[in-house]
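Enquirer: Below you will find the structure I want to go over with you.
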Amino acid sequence: MDADDLDYRARTMSGCIPASLVTRLLELGHEREVESQAGRGEWFCALEWARLLGDRRQYEQALAVLDPYIATGWWPAARARAELLEGWGREHEAIELSRPYAQAGDRVVLEFFARLLARHDRAAEALALLRPGIADWFIAQALVDVAEAAGQDEEVAALLEARIEAAVPACDDPDCHRLRLEPSNAFGLLATVRERQGRVDEAIALLRRREVTSVNGRDALADLLARHDRIGELRAYADSEYHGHAAQSLAEVLETRGDVEGATAVYRAFAERPHGMWRVGHLLSRLLVRHGRIDEAIAVVRTMTDSPGGADDCVVHALCTLYAEHGRAQEALAYLDALKERRDGEEEWDFFQIRLPLMADCGLRDEAIEQARAHPEGGTWYAARSLSHLLAEAGRIEEAVAVLEQHPGSNDTVLAHHLIDLGRVNEAVALLQVRPSAAPDPDPWGGTYSDEPPF
């Protein structure tokens, strides 16, 4: 085994048996195949087999499964072993196993190791390891989390304050108010510390100084105001915040308190802004569904699909799914028919494939299969995936396999799943283990390029 090869296959899910199919093999009783492949360099088989042996308290056998992978120096294998050891109550071994990798300096390994130490009453040691990397936002986040366990909030707060004070303008423009701040999340992290210390006003003031207000669909300032019941300030912020994330925080608080009408009104008010419905429409529809107001939820999504440019495949799919989840697949089909008519009778595959499960729900699975075969794009590799799913659900798995086999290399994981279900495990494994060509694809642009104007 080779660490680079293991890493490439695990990251790209190519040339290997993916985790989802390892699970399927075990579900169907193919334990010996998983065990065998674990010894042949199939990482996801090895990982699941080691976990299974651990669950059976066969600890040393479980560790032995991972030995060849760890011998390559590949960190994910060492991490998996450390996590198993920690789960079995052998945290000292987990720490000693991880330490040499952390000492090599990789930030991901260092973050894992520090959190491992902190979970086992060695937060001071973890803090010392992380402190030199405070300029890195990823390490700084771990530093703040570990500081709580170490009882060193004030020390870390002082480090972050120093970083903020050392920030310089991001450019030479005198009107530029942006800062070159390291770590980039210093304001948010310091706000976290101040909130833990009960200094909420300071935390709020810090968050108001951020440049990036929303991360992963959440606004830290809005969530802070919500946690501390500062609803008036949250309402004012929601009125001015652009992304709709403050409105979401406010609506969630109101819904939790039983004020569904108030939560609905928050979303509806935001939806009246230009493009506001696109930011909160899905949240409003889910809120209405949670409270049994299905017709209103559908009307919200219909407003989106019927707006100029709104009938894209994602929104139409959301609408049809909403119909189907509430026993109204026929209405979803009627909507698709009307949309097709508006488009001069044409229905590209992105929209047509939405129709297929709806037809199946209406007892028209065979008709759906025939229409899929007859569609102008029905012979493509991407249509084969949907068609094979329909056939498999109808119990026609051999036909599903035949459809997928017409497009070698395009849907191998789906094809392998069907082969496993048919008991053709050796074929499935051989298909999955085909390695991609080592030669890179030709440059589609060809020729040369320049990074100097004219480009």
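Identifiers for the structure tokens are assigned positionally: chains receive A, B, ... in sequence, residues are indexed from 1 per chain, and ligands are indexed from 1 in the order shown.
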Can you pull out the residues contacting A:Arg9? Cut-off 12 Å, using only C-alpha atoms, and skip same-chain residues under 6 positions away; I want them as a PDB file with all heavy atoms, in the first residue's frame.
Expert:
ATOM      1  N   MET A   1       0.837  -1.203   0.000  1.00  0.00           N
ATOM      2  CA  MET A   1       0.000   0.000   0.000  1.00  0.00           C
ATOM      3  C   MET A   1       0.866   1.246   0.000  1.00  0.00           C
ATOM      4  O   MET A   1       1.983   1.235   0.505  1.00  0.00           O
ATOM      5  CB  MET A   1      -0.928  -0.010   1.205  1.00  0.00           C
ATOM      6  CG  MET A   1      -2.169  -0.861   1.024  1.00  0.00           C
ATOM      7  SD  MET A   1      -3.260  -0.758   2.440  1.00  0.00           S
ATOM      8  CE  MET A   1      -2.630  -2.105   3.408  1.00  0.00           C
ATOM      9  N   ASP A   2       0.309   2.315  -0.538  1.00  0.00           N
ATOM     10  CA  ASP A   2       1.027   3.579  -0.657  1.00  0.00           C
ATOM     11  C   ASP A   2       0.131   4.694  -0.137  1.00  0.00           C
ATOM     12  O   ASP A   2      -1.065   4.752  -0.469  1.00  0.00           O
ATOM     13  CB  ASP A   2       1.380   3.811  -2.126  1.00  0.00           C
ATOM     14  CG  ASP A   2       1.991   5.174  -2.354  1.00  0.00           C
ATOM     15  OD1 ASP A   2       3.175   5.346  -2.046  1.00  0.00           O
ATOM     16  OD2 ASP A   2       1.258   6.075  -2.820  1.00  0.00           O
ATOM     17  N   ALA A   3       0.668   5.581   0.684  1.00  0.00           N
ATOM     18  CA  ALA A   3      -0.135   6.634   1.311  1.00  0.00           C
ATOM     19  C   ALA A   3      -0.779   7.547   0.285  1.00  0.00           C
ATOM     20  O   ALA A   3      -1.956   7.917   0.410  1.00  0.00           O
ATOM     21  CB  ALA A   3       0.727   7.444   2.279  1.00  0.00           C
ATOM     22  N   GLY A  15     -11.747   3.966  -7.934  1.00  0.00           N
ATOM     23  CA  GLY A  15     -10.883   2.799  -7.848  1.00  0.00           C
ATOM     24  C   GLY A  15     -10.978   2.067  -6.536  1.00  0.00           C
ATOM     25  O   GLY A  15     -10.054   1.331  -6.162  1.00  0.00           O
ATOM     26  N   CYS A  16     -12.089   2.244  -5.816  1.00  0.00           N
ATOM     27  CA  CYS A  16     -12.232   1.596  -4.513  1.00  0.00           C
ATOM     28  C   CYS A  16     -13.702   1.300  -4.236  1.00  0.00           C
ATOM     29  O   CYS A  16     -14.592   1.770  -4.948  1.00  0.00           O
ATOM     30  CB  CYS A  16     -11.672   2.483  -3.405  1.00  0.00           C
ATOM     31  SG  CYS A  16     -12.631   3.984  -3.117  1.00  0.00           S
ATOM     32  N   ILE A  17     -13.941   0.530  -3.185  1.00  0.00           N
ATOM     33  CA  ILE A  17     -15.304   0.255  -2.730  1.00  0.00           C
ATOM     34  C   ILE A  17     -15.701   1.369  -1.764  1.00  0.00           C
ATOM     35  O   ILE A  17     -15.130   1.472  -0.676  1.00  0.00           O
ATOM     36  CB  ILE A  17     -15.393  -1.110  -2.028  1.00  0.00           C
ATOM     37  CG1 ILE A  17     -14.844  -2.216  -2.928  1.00  0.00           C
ATOM     38  CG2 ILE A  17     -16.835  -1.415  -1.627  1.00  0.00           C
ATOM     39  CD1 ILE A  17     -14.720  -3.569  -2.247  1.00  0.00           C
ATOM     40  N   PRO A  18     -16.665   2.227  -2.119  1.00  0.00           N
ATOM     41  CA  PRO A  18     -17.006   3.352  -1.238  1.00  0.00           C
ATOM     42  C   PRO A  18     -17.733   2.884   0.015  1.00  0.00           C
ATOM     43  O   PRO A  18     -18.264   1.767   0.078  1.00  0.00           O
ATOM     44  CB  PRO A  18     -17.916   4.214  -2.127  1.00  0.00           C
ATOM     45  CG  PRO A  18     -18.514   3.268  -3.108  1.00  0.00           C
ATOM     46  CD  PRO A  18     -17.467   2.222  -3.351  1.00  0.00           C
ATOM     47  N   ALA A  19     -17.763   3.767   1.005  1.00  0.00           N
ATOM     48  CA  ALA A  19     -18.343   3.418   2.302  1.00  0.00           C
ATOM     49  C   ALA A  19     -19.793   2.966   2.183  1.00  0.00           C
ATOM     50  O   ALA A  19     -20.233   2.043   2.883  1.00  0.00           O
ATOM     51  CB  ALA A  19     -18.230   4.618   3.242  1.00  0.00           C
ATOM     52  N   GLY A  41      -6.181  -3.706   0.743  1.00  0.00           N
ATOM     53  CA  GLY A  41      -5.986  -2.284   0.476  1.00  0.00           C
ATOM     54  C   GLY A  41      -7.255  -1.484   0.292  1.00  0.00           C
ATOM     55  O   GLY A  41      -7.194  -0.315  -0.101  1.00  0.00           O
ATOM     56  N   GLU A  42      -8.426  -2.077   0.579  1.00  0.00           N
ATOM     57  CA  GLU A  42      -9.678  -1.334   0.474  1.00  0.00           C
ATOM     58  C   GLU A  42      -9.936  -0.625   1.805  1.00  0.00           C
ATOM     59  O   GLU A  42     -10.409  -1.225   2.773  1.00  0.00           O
ATOM     60  CB  GLU A  42     -10.840  -2.277   0.119  1.00  0.00           C
ATOM     61  CG  GLU A  42     -10.853  -2.723  -1.321  1.00  0.00           C
ATOM     62  CD  GLU A  42     -11.208  -1.590  -2.281  1.00  0.00           C
ATOM     63  OE1 GLU A  42     -11.730  -0.559  -1.827  1.00  0.00           O
ATOM     64  OE2 GLU A  42     -10.978  -1.758  -3.494  1.00  0.00           O
ATOM     65  N   TRP A  43      -9.655   0.672   1.811  1.00  0.00           N
ATOM     66  CA  TRP A  43      -9.673   1.421   3.057  1.00  0.00           C
ATOM     67  C   TRP A  43     -11.032   1.412   3.736  1.00  0.00           C
ATOM     68  O   TRP A  43     -11.138   1.197   4.938  1.00  0.00           O
ATOM     69  CB  TRP A  43      -9.202   2.849   2.818  1.00  0.00           C
ATOM     70  CG  TRP A  43      -9.503   3.758   3.972  1.00  0.00           C
ATOM     71  CD1 TRP A  43     -10.307   4.842   3.994  1.00  0.00           C
ATOM     72  CD2 TRP A  43      -8.997   3.623   5.318  1.00  0.00           C
ATOM     73  NE1 TRP A  43     -10.351   5.410   5.254  1.00  0.00           N
ATOM     74  CE2 TRP A  43      -9.551   4.677   6.076  1.00  0.00           C
ATOM     75  CE3 TRP A  43      -8.138   2.716   5.941  1.00  0.00           C
ATOM     76  CZ2 TRP A  43      -9.273   4.846   7.424  1.00  0.00           C
ATOM     77  CZ3 TRP A  43      -7.867   2.892   7.293  1.00  0.00           C
ATOM     78  CH2 TRP A  43      -8.420   3.942   8.019  1.00  0.00           C
ATOM     79  N   PHE A  44     -12.094   1.650   2.997  1.00  0.00           N
ATOM     80  CA  PHE A  44     -13.401   1.744   3.632  1.00  0.00           C
ATOM     81  C   PHE A  44     -13.861   0.384   4.166  1.00  0.00           C
ATOM     82  O   PHE A  44     -14.591   0.326   5.164  1.00  0.00           O
ATOM     83  CB  PHE A  44     -14.420   2.345   2.674  1.00  0.00           C
ATOM     84  CG  PHE A  44     -14.107   3.769   2.301  1.00  0.00           C
ATOM     85  CD1 PHE A  44     -13.649   4.089   1.034  1.00  0.00           C
ATOM     86  CD2 PHE A  44     -14.237   4.786   3.238  1.00  0.00           C
ATOM     87  CE1 PHE A  44     -13.324   5.397   0.709  1.00  0.00           C
ATOM     88  CE2 PHE A  44     -13.916   6.095   2.923  1.00  0.00           C
ATOM     89  CZ  PHE A  44     -13.462   6.401   1.646  1.00  0.00           C
ATOM     90  N   LEU A 432     -15.705  -1.726  -9.361  1.00  0.00           N
ATOM     91  CA  LEU A 432     -15.323  -0.591  -8.522  1.00  0.00           C
ATOM     92  C   LEU A 432     -13.815  -0.412  -8.442  1.00  0.00           C
ATOM     93  O   LEU A 432     -13.331   0.707  -8.251  1.00  0.00           O
ATOM     94  CB  LEU A 432     -15.896  -0.776  -7.111  1.00  0.00           C
ATOM     95  CG  LEU A 432     -17.422  -0.698  -7.000  1.00  0.00           C
ATOM     96  CD1 LEU A 432     -17.872  -1.229  -5.647  1.00  0.00           C
ATOM     97  CD2 LEU A 432     -17.911   0.725  -7.216  1.00  0.00           C
ATOM     98  N   GLN A 433     -13.081  -1.492  -8.599  1.00  0.00           N
ATOM     99  CA  GLN A 433     -11.635  -1.420  -8.421  1.00  0.00           C
ATOM    100  C   GLN A 433     -10.880  -1.042  -9.694  1.00  0.00           C
ATOM    101  O   GLN A 433      -9.648  -1.006  -9.685  1.00  0.00           O
ATOM    102  CB  GLN A 433     -11.116  -2.751  -7.876  1.00  0.00           C
ATOM    103  CG  GLN A 433     -11.541  -2.973  -6.426  1.00  0.00           C
ATOM    104  CD  GLN A 433     -11.089  -4.305  -5.872  1.00  0.00           C
ATOM    105  OE1 GLN A 433     -10.868  -5.263  -6.617  1.00  0.00           O
ATOM    106  NE2 GLN A 433     -10.949  -4.381  -4.559  1.00  0.00           N
ATOM    107  N   VAL A 434     -11.607  -0.742 -10.760  1.00  0.00           N
ATOM    108  CA  VAL A 434     -10.948  -0.262 -11.965  1.00  0.00           C
ATOM    109  C   VAL A 434     -10.353   1.103 -11.670  1.00  0.00           C
ATOM    110  O   VAL A 434     -11.066   2.031 -11.264  1.00  0.00           O
ATOM    111  CB  VAL A 434     -11.939  -0.169 -13.147  1.00  0.00           C
ATOM    112  CG1 VAL A 434     -11.273   0.495 -14.349  1.00  0.00           C
ATOM    113  CG2 VAL A 434     -12.451  -1.554 -13.510  1.00  0.00           C
ATOM    114  N   ARG A 435      -9.055   1.246 -11.847  1.00  0.00           N
ATOM    115  CA  ARG A 435      -8.378   2.499 -11.541  1.00  0.00           C
ATOM    116  C   ARG A 435      -8.523   3.465 -12.711  1.00  0.00           C
ATOM    117  O   ARG A 435      -8.462   3.044 -13.871  1.00  0.00           O
ATOM    118  CB  ARG A 435      -6.894   2.271 -11.274  1.00  0.00           C
ATOM    119  CG  ARG A 435      -6.616   1.340 -10.113  1.00  0.00           C
ATOM    120  CD  ARG A 435      -7.052   1.951  -8.784  1.00  0.00           C
ATOM    121  NE  ARG A 435      -6.732   1.080  -7.672  1.00  0.00           N
ATOM    122  CZ  ARG A 435      -5.586   1.104  -7.013  1.00  0.00           C
ATOM    123  NH1 ARG A 435      -4.642   1.946  -7.359  1.00  0.00           N
ATOM    124  NH2 ARG A 435      -5.384   0.275  -6.000  1.00  0.00           N
ATOM    125  N   PRO A 436      -8.682   4.751 -12.438  1.00  0.00           N
ATOM    126  CA  PRO A 436      -8.709   5.724 -13.529  1.00  0.00           C
ATOM    127  C   PRO A 436      -7.358   5.777 -14.221  1.00  0.00           C
ATOM    128  O   PRO A 436      -6.329   5.438 -13.642  1.00  0.00           O
ATOM    129  CB  PRO A 436      -9.016   7.049 -12.809  1.00  0.00           C
ATOM    130  CG  PRO A 436      -8.580   6.836 -11.397  1.00  0.00           C
ATOM    131  CD  PRO A 436      -8.810   5.380 -11.114  1.00  0.00           C
TER     132      PRO A 436
END
Enquirer: Mind checking which residues fall within 12 Å of A:Glu155, counting only C-alpha atoms, ignoring those fewer than 5 positions away in the same chain, and posting them as a JSON list (two decimals) with all heavy atoms, in the first residue's frame?
Expert:
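Result file is selection-v8.json:
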[["chain", "number", "residue", "atom", "x", "y", "z"],
["A", 124, "ALA", "N", -4.33, 22.20, 29.22],
["A", 124, "ALA", "CA", -3.21, 23.14, 29.29],
["A", 124, "ALA", "C", -2.14, 22.77, 28.26],
["A", 124, "ALA", "O", -1.55, 23.64, 27.60],
["A", 124, "ALA", "CB", -2.62, 23.13, 30.70],
["A", 127, "LEU", "N", -3.42, 23.75, 24.88],
["A", 127, "LEU", "CA", -3.33, 25.20, 24.69],
["A", 127, "LEU", "C", -1.91, 25.61, 24.29],
["A", 127, "LEU", "O", -1.73, 26.46, 23.40],
["A", 127, "LEU", "CB", -3.75, 25.90, 25.98],
["A", 127, "LEU", "CG", -4.24, 27.33, 25.89],
["A", 127, "LEU", "CD1", -5.57, 27.39, 25.16],
["A", 127, "LEU", "CD2", -4.40, 27.92, 27.29],
["A", 128, "ALA", "N", -0.94, 25.00, 24.92],
["A", 128, "ALA", "CA", 0.45, 25.33, 24.61],
["A", 128, "ALA", "C", 0.80, 24.95, 23.17],
["A", 128, "ALA", "O", 1.57, 25.65, 22.50],
["A", 128, "ALA", "CB", 1.38, 24.63, 25.59],
["A", 131, "ARG", "N", -1.23, 27.61, 20.78],
["A", 131, "ARG", "CA", -0.96, 29.05, 20.94],
["A", 131, "ARG", "C", -0.09, 29.63, 19.82],
["A", 131, "ARG", "O", -0.41, 30.70, 19.28],
["A", 131, "ARG", "CB", -0.35, 29.32, 22.31],
["A", 131, "ARG", "CG", -0.34, 30.80, 22.69],
["A", 131, "ARG", "CD", 0.34, 31.01, 24.03],
["A", 131, "ARG", "NE", -0.44, 30.48, 25.14],
["A", 131, "ARG", "CZ", -0.09, 29.41, 25.87],
["A", 131, "ARG", "NH1", 1.02, 28.75, 25.58],
["A", 131, "ARG", "NH2", -0.85, 29.00, 26.87],
["A", 143, "LEU", "N", -8.20, 26.80, 19.50],
["A", 143, "LEU", "CA", -7.61, 27.45, 20.67],
["A", 143, "LEU", "C", -8.68, 28.01, 21.59],
["A", 143, "LEU", "O", -8.63, 27.83, 22.82],
["A", 143, "LEU", "CB", -6.66, 28.55, 20.22],
["A", 143, "LEU", "CG", -5.89, 29.31, 21.30],
["A", 143, "LEU", "CD1", -4.90, 28.39, 21.98],
["A", 143, "LEU", "CD2", -5.17, 30.51, 20.69],
["A", 144, "VAL", "N", -9.67, 28.66, 21.01],
["A", 144, "VAL", "CA", -10.75, 29.24, 21.81],
["A", 144, "VAL", "C", -11.57, 28.13, 22.48],
["A", 144, "VAL", "O", -11.96, 28.24, 23.65],
["A", 144, "VAL", "CB", -11.64, 30.13, 20.93],
["A", 144, "VAL", "CG1", -12.96, 30.47, 21.62],
["A", 144, "VAL", "CG2", -10.89, 31.41, 20.57],
["A", 146, "VAL", "N", -10.53, 25.10, 23.29],
["A", 146, "VAL", "CA", -9.71, 24.45, 24.31],
["A", 146, "VAL", "C", -9.53, 25.36, 25.52],
["A", 146, "VAL", "O", -9.44, 24.88, 26.66],
["A", 146, "VAL", "CB", -8.34, 24.05, 23.71],
["A", 146, "VAL", "CG1", -7.34, 23.68, 24.79],
["A", 146, "VAL", "CG2", -8.52, 22.90, 22.72],
["A", 147, "ALA", "N", -9.49, 26.65, 25.31],
["A", 147, "ALA", "CA", -9.29, 27.60, 26.41],
["A", 147, "ALA", "C", -10.36, 27.45, 27.48],
["A", 147, "ALA", "O", -10.08, 27.60, 28.68],
["A", 147, "ALA", "CB", -9.28, 29.03, 25.88],
["A", 148, "GLU", "N", -11.58, 27.14, 27.06],
["A", 148, "GLU", "CA", -12.65, 26.98, 28.04],
["A", 148, "GLU", "C", -12.34, 25.82, 28.98],
["A", 148, "GLU", "O", -12.47, 25.94, 30.20],
["A", 148, "GLU", "CB", -13.98, 26.74, 27.32],
["A", 148, "GLU", "CG", -15.16, 26.62, 28.26],
["A", 148, "GLU", "CD", -16.48, 26.48, 27.52],
["A", 148, "GLU", "OE1", -16.48, 26.03, 26.36],
["A", 148, "GLU", "OE2", -17.53, 26.83, 28.11],
["A", 150, "ALA", "N", -9.45, 24.63, 29.61],
["A", 150, "ALA", "CA", -8.23, 24.91, 30.37],
["A", 150, "ALA", "C", -8.43, 26.02, 31.40],
["A", 150, "ALA", "O", -7.52, 26.28, 32.20],
["A", 150, "ALA", "CB", -7.12, 25.32, 29.40],
["A", 160, "LEU", "N", -6.09, 37.39, 21.30],
["A", 160, "LEU", "CA", -6.95, 37.82, 20.19],
["A", 160, "LEU", "C", -7.03, 39.34, 20.11],
["A", 160, "LEU", "O", -7.02, 39.92, 19.01],
["A", 160, "LEU", "CB", -8.35, 37.21, 20.35],
["A", 160, "LEU", "CG", -8.44, 35.70, 20.12],
["A", 160, "LEU", "CD1", -9.78, 35.17, 20.61],
["A", 160, "LEU", "CD2", -8.23, 35.37, 18.64],
["A", 161, "GLU", "N", -7.10, 39.99, 21.25],
["A", 161, "GLU", "CA", -7.13, 41.46, 21.25],
["A", 161, "GLU", "C", -5.85, 42.02, 20.63],
["A", 161, "GLU", "O", -5.88, 43.00, 19.87],
["A", 161, "GLU", "CB", -7.30, 41.98, 22.68],
["A", 161, "GLU", "CG", -8.72, 41.82, 23.21],
["A", 161, "GLU", "CD", -8.85, 42.29, 24.65],
["A", 161, "GLU", "OE1", -7.84, 42.22, 25.40],
["A", 161, "GLU", "OE2", -9.96, 42.73, 25.02],
["A", 162, "ALA", "N", -4.74, 41.38, 20.93],
["A", 162, "ALA", "CA", -3.47, 41.83, 20.36],
["A", 162, "ALA", "C", -3.46, 41.65, 18.84],
["A", 162, "ALA", "O", -2.93, 42.50, 18.10],
["A", 162, "ALA", "CB", -2.31, 41.05, 20.99],
["A", 190, "LEU", "N", -13.23, 36.23, 19.64],
["A", 190, "LEU", "CA", -13.17, 37.02, 20.88],
["A", 190, "LEU", "C", -14.57, 37.23, 21.43],
["A", 190, "LEU", "O", -14.78, 37.20, 22.66],
["A", 190, "LEU", "CB", -12.48, 38.36, 20.61],
["A", 190, "LEU", "CG", -12.29, 39.28, 21.82],
["A", 190, "LEU", "CD1", -11.58, 38.56, 22.97],
["A", 190, "LEU", "CD2", -11.52, 40.54, 21.42],
["A", 193, "VAL", "N", -15.52, 34.22, 23.45],
["A", 193, "VAL", "CA", -14.92, 34.23, 24.78],
["A", 193, "VAL", "C", -15.66, 35.19, 25.69],
["A", 193, "VAL", "O", -15.98, 34.86, 26.84],
["A", 193, "VAL", "CB", -13.43, 34.60, 24.69],
["A", 193, "VAL", "CG1", -12.83, 34.73, 26.10],
["A", 193, "VAL", "CG2", -12.66, 33.56, 23.88],
["A", 194, "ARG", "N", -15.94, 36.39, 25.19],
["A", 194, "ARG", "CA", -16.62, 37.38, 26.03],
["A", 194, "ARG", "C", -18.02, 36.91, 26.43],
["A", 194, "ARG", "O", -18.47, 37.13, 27.56],
["A", 194, "ARG", "CB", -16.69, 38.72, 25.30],
["A", 194, "ARG", "CG", -15.33, 39.40, 25.08],
["A", 194, "ARG", "CD", -14.56, 39.52, 26.38],
["A", 194, "ARG", "NE", -13.30, 40.25, 26.22],
["A", 194, "ARG", "CZ", -12.24, 40.06, 26.97],
["A", 194, "ARG", "NH1", -12.25, 39.12, 27.93],
["A", 194, "ARG", "NH2", -11.14, 40.77, 26.79]]
Enquirer: Would you mind listing what lies within 10 Å of stretch 72-74 of chain A as a ChimeraX atom specification, with only C-alpha atoms counted and same-chain residues fewer than 3 positions away left out?
Expert: /A:1-7,67-69,77-79,101
Enquirer: Grab the residues selected above and save them as a short mmCIF file (atom, residue, chain, number, x, y, z; two decimals), in the first residue's frame with N, CA and C atoms.
Expert:
data_model
loop_
_atom_site.label_atom_id
_atom_site.label_comp_id
_atom_site.auth_asym_id
_atom_site.auth_seq_id
_atom_site.Cartn_x
_atom_site.Cartn_y
_atom_site.Cartn_z
N MET A 1 0.84 -1.20 0.00
CA MET A 1 0.00 0.00 0.00
C MET A 1 0.87 1.25 0.00
N ASP A 2 0.31 2.32 -0.54
CA ASP A 2 1.03 3.58 -0.66
C ASP A 2 0.13 4.69 -0.14
N ALA A 3 0.67 5.58 0.68
CA ALA A 3 -0.13 6.63 1.31
C ALA A 3 -0.78 7.55 0.28
N ASP A 4 -0.03 7.93 -0.74
CA ASP A 4 -0.59 8.83 -1.75
C ASP A 4 -1.74 8.17 -2.50
N ASP A 5 -1.57 6.89 -2.82
CA ASP A 5 -2.62 6.17 -3.52
C ASP A 5 -3.86 6.02 -2.64
N LEU A 6 -3.66 5.67 -1.39
CA LEU A 6 -4.78 5.57 -0.45
C LEU A 6 -5.52 6.90 -0.35
N ASP A 7 -4.75 7.97 -0.23
CA ASP A 7 -5.36 9.28 -0.08
C ASP A 7 -6.16 9.68 -1.31
N ASP A 67 -3.26 -2.01 10.80
CA ASP A 67 -1.80 -1.95 10.84
C ASP A 67 -1.16 -1.66 9.48
N PRO A 68 -1.54 -2.38 8.41
CA PRO A 68 -0.86 -2.12 7.12
C PRO A 68 -1.09 -0.70 6.61
N TYR A 69 -2.23 -0.14 6.93
CA TYR A 69 -2.54 1.22 6.48
C TYR A 69 -1.73 2.24 7.27
N ALA A 77 -5.55 6.88 8.58
CA ALA A 77 -5.55 5.56 9.21
C ALA A 77 -5.17 5.67 10.68
N ALA A 78 -4.18 6.49 10.98
CA ALA A 78 -3.79 6.69 12.38
C ALA A 78 -4.91 7.35 13.16
N ARG A 79 -5.57 8.31 12.53
CA ARG A 79 -6.68 8.97 13.22
C ARG A 79 -7.80 7.97 13.52
N TYR A 101 2.45 12.48 14.70
CA TYR A 101 1.82 13.13 13.55
C TYR A 101 1.60 14.61 13.83
#
Enquirer: Find the residues near stretch 336-349 of chain A: any atom within 7 Å, counting only C-alpha atoms, skip ones fewer than 4 places away on the same chain, and give them as JSON, numbers by chain.
Expert: {"A": [332, 353, 377]}
Enquirer: I need the chosen residues saved as a PDB file, in the first residue's frame, with N, CA, C and O atoms.
Expert:
ATOM      1  N   ALA A 332     -48.807  17.757  -8.726  1.00  0.00           N
ATOM      2  CA  ALA A 332     -47.450  18.051  -9.193  1.00  0.00           C
ATOM      3  C   ALA A 332     -47.315  17.739 -10.678  1.00  0.00           C
ATOM      4  O   ALA A 332     -46.721  18.516 -11.440  1.00  0.00           O
ATOM      5  N   GLN A 353     -37.138  14.358 -15.473  1.00  0.00           N
ATOM      6  CA  GLN A 353     -36.832  13.372 -14.441  1.00  0.00           C
ATOM      7  C   GLN A 353     -37.597  13.639 -13.137  1.00  0.00           C
ATOM      8  O   GLN A 353     -37.801  12.709 -12.347  1.00  0.00           O
ATOM      9  N   GLU A 377     -33.556  12.554 -24.589  1.00  0.00           N
ATOM     10  CA  GLU A 377     -32.312  12.360 -23.846  1.00  0.00           C
ATOM     11  C   GLU A 377     -32.277  11.023 -23.118  1.00  0.00           C
ATOM     12  O   GLU A 377     -31.395  10.777 -22.297  1.00  0.00           O
TER      13      GLU A 377
END
Enquirer: What is the atom CA of A:Glu296 to atom CA of A:Phe351 distance in Å?
Expert: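 These two atoms are separated by 23.7 Å.
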Enquirer: A:Trp137: which residues within 7 Å, counting only C-alpha atoms, same-chain residues fewer than 6 positions away excluded, as a list in words?
Expert: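 The filter keeps Pro183, Ser184 and Asn185 of chain A.
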Enquirer: Pick out the residues sitting within 12 Å of A:Glu165, and hand them over as a list in words; count only C-alpha atoms, and ignore anything fewer than 5 positions along from it in its own chain.
Expert: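 Close residues of A:Glu165: Ala158, Leu159, Leu160, Leu179, Arg180, Leu181, Glu182, Pro183, Ala186 and Phe187 of chain A.
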Enquirer: The selected residues should be written to file as an mmCIF file, in the first residue's frame (atoms: N, CA and C atoms).
Expert:
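File again17.cif, as written:
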data_model
loop_
_atom_site.group_PDB
_atom_site.id
_atom_site.type_symbol
_atom_site.label_atom_id
_atom_site.label_comp_id
_atom_site.auth_asym_id
_atom_site.auth_seq_id
_atom_site.Cartn_x
_atom_site.Cartn_y
_atom_site.Cartn_z
ATOM 1 N N ALA A 158 -6.747 37.946 25.508
ATOM 2 C CA ALA A 158 -5.666 38.923 25.357
ATOM 3 C C ALA A 158 -4.889 38.680 24.059
ATOM 4 N N LEU A 159 -4.675 37.421 23.715
ATOM 5 C CA LEU A 159 -3.982 37.102 22.459
ATOM 6 C C LEU A 159 -4.787 37.602 21.262
ATOM 7 N N LEU A 160 -6.093 37.389 21.301
ATOM 8 C CA LEU A 160 -6.948 37.815 20.189
ATOM 9 C C LEU A 160 -7.031 39.337 20.108
ATOM 10 N N LEU A 179 -9.865 45.291 6.899
ATOM 11 C CA LEU A 179 -8.631 45.018 7.619
ATOM 12 C C LEU A 179 -8.018 43.707 7.153
ATOM 13 N N ARG A 180 -6.699 43.673 7.143
ATOM 14 C CA ARG A 180 -5.981 42.423 6.942
ATOM 15 C C ARG A 180 -5.769 41.837 8.329
ATOM 16 N N LEU A 181 -6.673 40.950 8.698
ATOM 17 C CA LEU A 181 -6.743 40.467 10.070
ATOM 18 C C LEU A 181 -6.348 38.993 10.109
ATOM 19 N N GLU A 182 -5.444 38.664 11.022
ATOM 20 C CA GLU A 182 -5.014 37.280 11.188
ATOM 21 C C GLU A 182 -5.079 36.917 12.675
ATOM 22 N N PRO A 183 -5.952 36.003 13.044
ATOM 23 C CA PRO A 183 -6.826 35.205 12.190
ATOM 24 C C PRO A 183 -8.017 36.021 11.670
ATOM 25 N N ALA A 186 -11.062 36.651 14.072
ATOM 26 C CA ALA A 186 -10.684 37.113 15.416
ATOM 27 C C ALA A 186 -11.848 37.780 16.152
ATOM 28 N N PHE A 187 -12.618 38.622 15.452
ATOM 29 C CA PHE A 187 -13.732 39.294 16.126
ATOM 30 C C PHE A 187 -14.737 38.274 16.651
#
